[in-house]
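Asker: Provided below: upload-v6.json, containing JSON, C-alpha atoms.
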[["chain", "number", "residue", "atom", "x", "y", "z"],
["Y", 1, "MET", "CA", 0.00, 0.00, 0.00],
["Y", 2, "LYS", "CA", 1.50, 3.28, -1.11],
["Y", 3, "LEU", "CA", 1.06, 6.41, 0.98],
["Y", 4, "GLU", "CA", -0.59, 8.20, -1.94],
["Y", 5, "GLN", "CA", -3.17, 5.41, -2.23],
["Y", 6, "ALA", "CA", -3.79, 5.49, 1.52],
["Y", 7, "ARG", "CA", -4.35, 9.25, 1.41],
["Y", 8, "THR", "CA", -6.82, 8.83, -1.45],
["Y", 9, "ILE", "CA", -8.71, 6.25, 0.62],
["Y", 10, "VAL", "CA", -8.86, 8.56, 3.65],
["Y", 11, "GLU", "CA", -9.97, 11.52, 1.52],
["Y", 12, "THR", "CA", -12.65, 9.44, -0.23],
["Y", 13, "VAL", "CA", -14.08, 8.07, 3.00],
["Y", 14, "THR", "CA", -14.12, 11.39, 4.83],
["Y", 15, "GLY", "CA", -15.45, 13.22, 1.78],
["Y", 16, "GLU", "CA", -18.31, 10.85, 0.97],
["Y", 17, "THR", "CA", -19.62, 9.66, 4.32],
["Y", 18, "PRO", "CA", -22.96, 11.08, 5.48],
["Y", 19, "GLU", "CA", -21.95, 10.89, 9.17],
["Y", 20, "PRO", "CA", -18.68, 11.26, 11.11],
["Y", 21, "VAL", "CA", -16.46, 8.17, 10.96],
["Y", 22, "SER", "CA", -12.95, 6.98, 11.59],
["Y", 23, "VAL", "CA", -10.90, 5.40, 8.82],
["Y", 24, "PHE", "CA", -7.71, 3.39, 9.20],
["Y", 25, "VAL", "CA", -5.58, 2.28, 6.25],
["Y", 26, "ALA", "CA", -3.11, -0.52, 6.92],
["Y", 27, "ASP", "CA", -0.29, -2.18, 5.02],
["Y", 28, "ALA", "CA", -0.29, -5.93, 4.41],
["Y", 29, "SER", "CA", 0.94, -6.52, 7.97],
["Y", 30, "GLY", "CA", -1.94, -4.56, 9.46],
["Y", 31, "GLU", "CA", 0.24, -1.59, 10.43],
["Y", 32, "LEU", "CA", -0.76, 2.06, 9.98],
["Y", 33, "VAL", "CA", -0.22, 3.84, 6.67],
["Y", 34, "ALA", "CA", -2.81, 6.62, 7.12],
["Y", 35, "ALA", "CA", -5.79, 7.32, 9.36],
["Y", 36, "ALA", "CA", -8.31, 9.98, 10.27],
["Y", 37, "THR", "CA", -11.09, 10.54, 12.74],
["Y", 38, "MET", "CA", -13.69, 13.07, 11.69],
["Y", 39, "ASP", "CA", -14.97, 15.75, 14.05],
["Y", 40, "ARG", "CA", -17.83, 14.41, 16.20],
["Y", 41, "ALA", "CA", -17.03, 10.74, 15.41],
["Y", 42, "ALA", "CA", -17.57, 8.56, 18.45],
["Y", 43, "PRO", "CA", -14.27, 7.85, 20.24],
["Y", 44, "ASP", "CA", -14.64, 4.08, 19.93],
["Y", 45, "THR", "CA", -14.67, 4.34, 16.14],
["Y", 46, "ARG", "CA", -10.88, 4.87, 16.13],
["Y", 47, "LEU", "CA", -10.04, 1.50, 17.62],
["Y", 48, "ASN", "CA", -12.85, -0.22, 15.71],
["Y", 49, "ALA", "CA", -11.53, 1.10, 12.37],
["Y", 50, "GLN", "CA", -8.01, -0.01, 13.28],
["Y", 51, "ARG", "CA", -9.15, -3.50, 14.25],
["Y", 52, "LYS", "CA", -11.20, -3.82, 11.05],
["Y", 53, "ALA", "CA", -8.24, -2.89, 8.86],
["Y", 54, "TYR", "CA", -5.88, -5.12, 10.84],
["Y", 55, "THR", "CA", -8.25, -8.08, 10.53],
["Y", 56, "ALA", "CA", -8.76, -7.62, 6.78],
["Y", 57, "ALA", "CA", -5.02, -7.23, 6.23],
["Y", 58, "ARG", "CA", -3.85, -10.19, 8.32],
["Y", 59, "SER", "CA", -6.59, -12.81, 8.13],
["Y", 60, "ASP", "CA", -7.06, -15.22, 5.26],
["Y", 61, "ALA", "CA", -10.47, -13.70, 4.52],
["Y", 62, "VAL", "CA", -10.99, -10.80, 2.10],
["Y", 63, "SER", "CA", -13.11, -8.80, 4.56],
["Y", 64, "THR", "CA", -14.32, -8.82, 8.14],
["Y", 65, "LYS", "CA", -17.72, -9.87, 6.80],
["Y", 66, "ALA", "CA", -16.19, -12.87, 5.02],
["Y", 67, "LEU", "CA", -14.28, -13.84, 8.16],
["Y", 68, "ALA", "CA", -17.45, -13.69, 10.26],
["Y", 69, "GLU", "CA", -19.24, -15.91, 7.73],
["Y", 70, "LYS", "CA", -16.33, -18.37, 7.73],
["Y", 71, "VAL", "CA", -16.25, -18.65, 11.52],
["Y", 72, "THR", "CA", -20.02, -19.07, 11.68],
["Y", 73, "ALA", "CA", -19.80, -21.91, 9.17],
["Y", 74, "THR", "CA", -16.81, -23.69, 10.74],
["Y", 75, "GLY", "CA", -17.77, -23.41, 14.40],
["Y", 76, "ALA", "CA", -16.37, -22.03, 17.61],
["Y", 77, "ALA", "CA", -13.32, -24.32, 17.78],
["Y", 78, "GLU", "CA", -11.57, -22.22, 15.15],
["Y", 79, "LEU", "CA", -11.97, -19.13, 17.33],
["Y", 80, "ALA", "CA", -9.45, -20.52, 19.82],
["Y", 81, "SER", "CA", -6.59, -19.89, 17.38],
["Y", 82, "PHE", "CA", -7.65, -16.42, 16.23],
["Y", 83, "ASP", "CA", -5.65, -13.30, 16.84],
["Y", 84, "PRO", "CA", -7.35, -11.51, 19.77],
["Y", 85, "PHE", "CA", -7.21, -8.21, 17.87],
["Y", 86, "PHE", "CA", -9.40, -9.60, 15.05],
["Y", 87, "THR", "CA", -12.95, -8.31, 14.79],
["Y", 88, "PHE", "CA", -16.04, -9.50, 12.95],
["Y", 89, "PHE", "CA", -17.73, -6.11, 12.62],
["Y", 90, "LEU", "CA", -18.40, -5.20, 8.98],
["Y", 91, "GLY", "CA", -16.28, -2.45, 7.47],
["Y", 92, "GLY", "CA", -12.84, -4.04, 7.11],
["Y", 93, "VAL", "CA", -11.88, -4.77, 3.50],
["Y", 94, "ALA", "CA", -8.60, -6.12, 2.13],
["Y", 95, "ALA", "CA", -6.89, -4.25, -0.72],
["Y", 96, "PHE", "CA", -5.42, -6.15, -3.66],
["Y", 97, "GLN", "CA", -3.17, -4.97, -6.47],
["Y", 98, "GLY", "CA", -2.15, -7.32, -9.25],
["Y", 99, "GLY", "CA", -3.67, -10.22, -7.31],
["Y", 100, "VAL", "CA", -1.52, -9.52, -4.22],
["Y", 101, "ARG", "CA", -2.92, -8.36, -0.87],
["Y", 102, "VAL", "CA", -1.23, -5.00, -0.24],
["Y", 103, "GLY", "CA", -3.18, -3.82, 2.78],
["Y", 104, "ALA", "CA", -6.66, -3.04, 3.99],
["Y", 105, "VAL", "CA", -9.03, -0.30, 5.04],
["Y", 106, "GLY", "CA", -11.27, -0.17, 8.08],
["Y", 107, "VAL", "CA", -14.19, 2.24, 8.41],
["Y", 108, "SER", "CA", -16.24, 2.69, 11.59],
["Y", 109, "GLY", "CA", -19.13, 4.96, 12.50],
["Y", 110, "LEU", "CA", -21.92, 3.97, 10.13],
["Y", 111, "PRO", "CA", -24.04, 0.80, 10.09],
["Y", 112, "GLY", "CA", -21.77, -2.11, 9.17],
["Y", 113, "ALA", "CA", -23.01, -2.57, 5.62],
["Y", 114, "ASP", "CA", -22.46, 1.14, 4.97],
["Y", 115, "ASP", "CA", -18.95, 1.03, 6.49],
["Y", 116, "ASP", "CA", -18.18, -1.88, 4.15],
["Y", 117, "ALA", "CA", -19.62, -0.15, 1.07],
["Y", 118, "ILE", "CA", -17.69, 3.09, 1.55],
["Y", 119, "ALA", "CA", -14.47, 1.16, 2.24],
["Y", 120, "ARG", "CA", -14.91, -0.67, -1.08],
["Y", 121, "ARG", "CA", -15.59, 2.57, -2.99],
["Y", 122, "ALA", "CA", -12.50, 4.16, -1.47],
["Y", 123, "LEU", "CA", -10.30, 1.22, -2.46],
["Y", 124, "GLU", "CA", -11.55, 1.41, -6.04],
["Y", 125, "ARG", "CA", -10.95, 5.18, -6.14],
["Y", 126, "ALA", "CA", -7.35, 4.52, -5.05],
["Y", 127, "GLY", "CA", -6.87, 2.07, -7.94],
["Y", 128, "LEU", "CA", -7.03, -1.01, -5.72],
["Y", 129, "GLU", "CA", -9.23, -4.06, -5.89],
["Y", 130, "ALA", "CA", -11.72, -5.14, -3.23],
["Y", 131, "ARG", "CA", -12.90, -8.73, -3.40]]
Output the file's structure as structure tokens, nothing else.

Answerer:
Amino acid sequence: MKLEQARTIVETVTGETPEPVSVFVADASGELVAAATMDRAAPDTRLNAQRKAYTAARSDAVSTKALAEKVTATGAAELASFDPFFTFFLGGVAAFQGGVRVGAVGVSGLPGADDDAIARRALERAGLEAR
């Protein structure tokens, strides 16, 4: 994930959201590339956005939604080996470029499906693929 792409993601999310949110853009290891918390966004949205991006970057799923579906289908035993920082809240989406996972974005502050949708739009605007 290039810094320029991460900035485009942050600008897209903060420019298009109807309500205040936090956005966290991570590299493929789940570490910070860029982030923002809008004025009046709830304080817990910061950590939620970070956890969403971290999960989408580091898990084998392409989004937090996909990971939640996988765990539901496979049962609770798989949860024992999960990273404790993973989250299943919608709004974390992995970023791919040339078929390679290069990072992820996490958005928090809207209903989960809306967080997910704006994250996907932002990735596309930055020239990245969301699966």

Asker: Would you pick out the contacts of Lys65 in chain Y at 12 Å or less, using all atoms listed in the file, so that residues sharing its chain but fewer than 2 positions from it are not included, and give the list as a VMD selection string?

Answerer: chain Y and resid 52 to 53 55 to 56 59 61 to 63 67 to 72 86 to 94 106 112 to 113 115 to 117 131

Asker: When you draw a straight line from CA of Leu110 in chain Y to CA of Gln97 in chain Y, how long is it in Å?

Answerer: 26.6 Å

Asker: Would you mind telling me which residue in Y:Ala26, Y:Val100, Y:Leu3, Y:Val107 lies nearest to Ala122 in chain Y when using all atoms listed in the file?

Answerer: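 Looking at the shortest contact to Ala122 in chain Y, the residue is Y:Val107.
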
Asker: Distance table requested - range 28-129 of chain Y against range 4-21 of chain Y, cut-off 8 Å, all atoms listed in the file: one row per qualifying residue with the closest atom pair and its distance in Å to one decimal, ordered by chain and rising residue number, as a Markdown table.

Answerer:
| residue | atom | partner | partner_atom | distance |
| --- | --- | --- | --- | --- |
| Y:Val33 | CA | Y:Ala6 | CA | 6.5 |
| Y:Ala34 | CA | Y:Ala6 | CA | 5.8 |
| Y:Ala35 | CA | Y:Val10 | CA | 6.6 |
| Y:Ala36 | CA | Y:Val10 | CA | 6.8 |
| Y:Thr37 | CA | Y:Val21 | CA | 6.1 |
| Y:Met38 | CA | Y:Pro20 | CA | 5.3 |
| Y:Asp39 | CA | Y:Pro20 | CA | 6.5 |
| Y:Arg40 | CA | Y:Pro20 | CA | 6.0 |
| Y:Ala41 | CA | Y:Pro20 | CA | 4.6 |
| Y:Ala42 | CA | Y:Val21 | CA | 7.6 |
| Y:Thr45 | CA | Y:Val21 | CA | 6.7 |
| Y:Val105 | CA | Y:Ile9 | CA | 7.9 |
| Y:Val107 | CA | Y:Val21 | CA | 6.8 |
| Y:Ser108 | CA | Y:Val21 | CA | 5.5 |
| Y:Gly109 | CA | Y:Val21 | CA | 4.5 |
| Y:Leu110 | CA | Y:Val21 | CA | 6.9 |
| Y:Ile118 | CA | Y:Val13 | CA | 6.3 |
| Y:Ala119 | CA | Y:Val13 | CA | 7.0 |
| Y:Arg121 | CA | Y:Thr12 | CA | 8.0 |
| Y:Ala122 | CA | Y:Ile9 | CA | 4.8 |
| Y:Leu123 | CA | Y:Ile9 | CA | 6.1 |
| Y:Arg125 | CA | Y:Ile9 | CA | 7.2 |
| Y:Ala126 | CA | Y:Gln5 | CA | 5.1 |
| Y:Gly127 | CA | Y:Gln5 | CA | 7.6 |

Asker: Measure the distance from CA of Val102 in chain Y to CA of Glu129 in chain Y in Å and round it to one decimal.

Answerer: 9.8 Å

Asker: Mind pulling up the distance from CA of Gly103 in chain Y to CA of Glu31 in chain Y?

Answerer: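 Separation of CA of Glu31 in chain Y and CA of Gly103 in chain Y: 8.7 Å.
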
Asker: Nearest residue to Tyr54 in chain Y out of Y:Pro111, Y:Gly98, Y:Val23, Y:Ala104, using all atoms listed in the file?

Answerer: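 So, comparing all the options, the nearest one is Y:Ala104.
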
Asker: Which residue out of Y:Leu47, Y:Leu32, Y:Val25, Y:Ala73 has the minimum interatomic distance to Phe85 in chain Y when only C-alpha atoms are used?

Answerer: Y:Leu47

Asker: Which residue out of Y:Thr74, Y:Arg120, Y:Gln50, Y:Ala95 has the minimum interatomic distance to Lys2 in chain Y when only C-alpha atoms are used?

Answerer: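 Among the listed residues, the smallest separation from Lys2 in chain Y belongs to Y:Ala95.
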
Asker: With distances taken over all atoms listed in the file, which of Y:Ala28, Y:Arg101, Y:Phe96, Y:Ser22 is nearest to Glu124 in chain Y?

Answerer: Y:Phe96
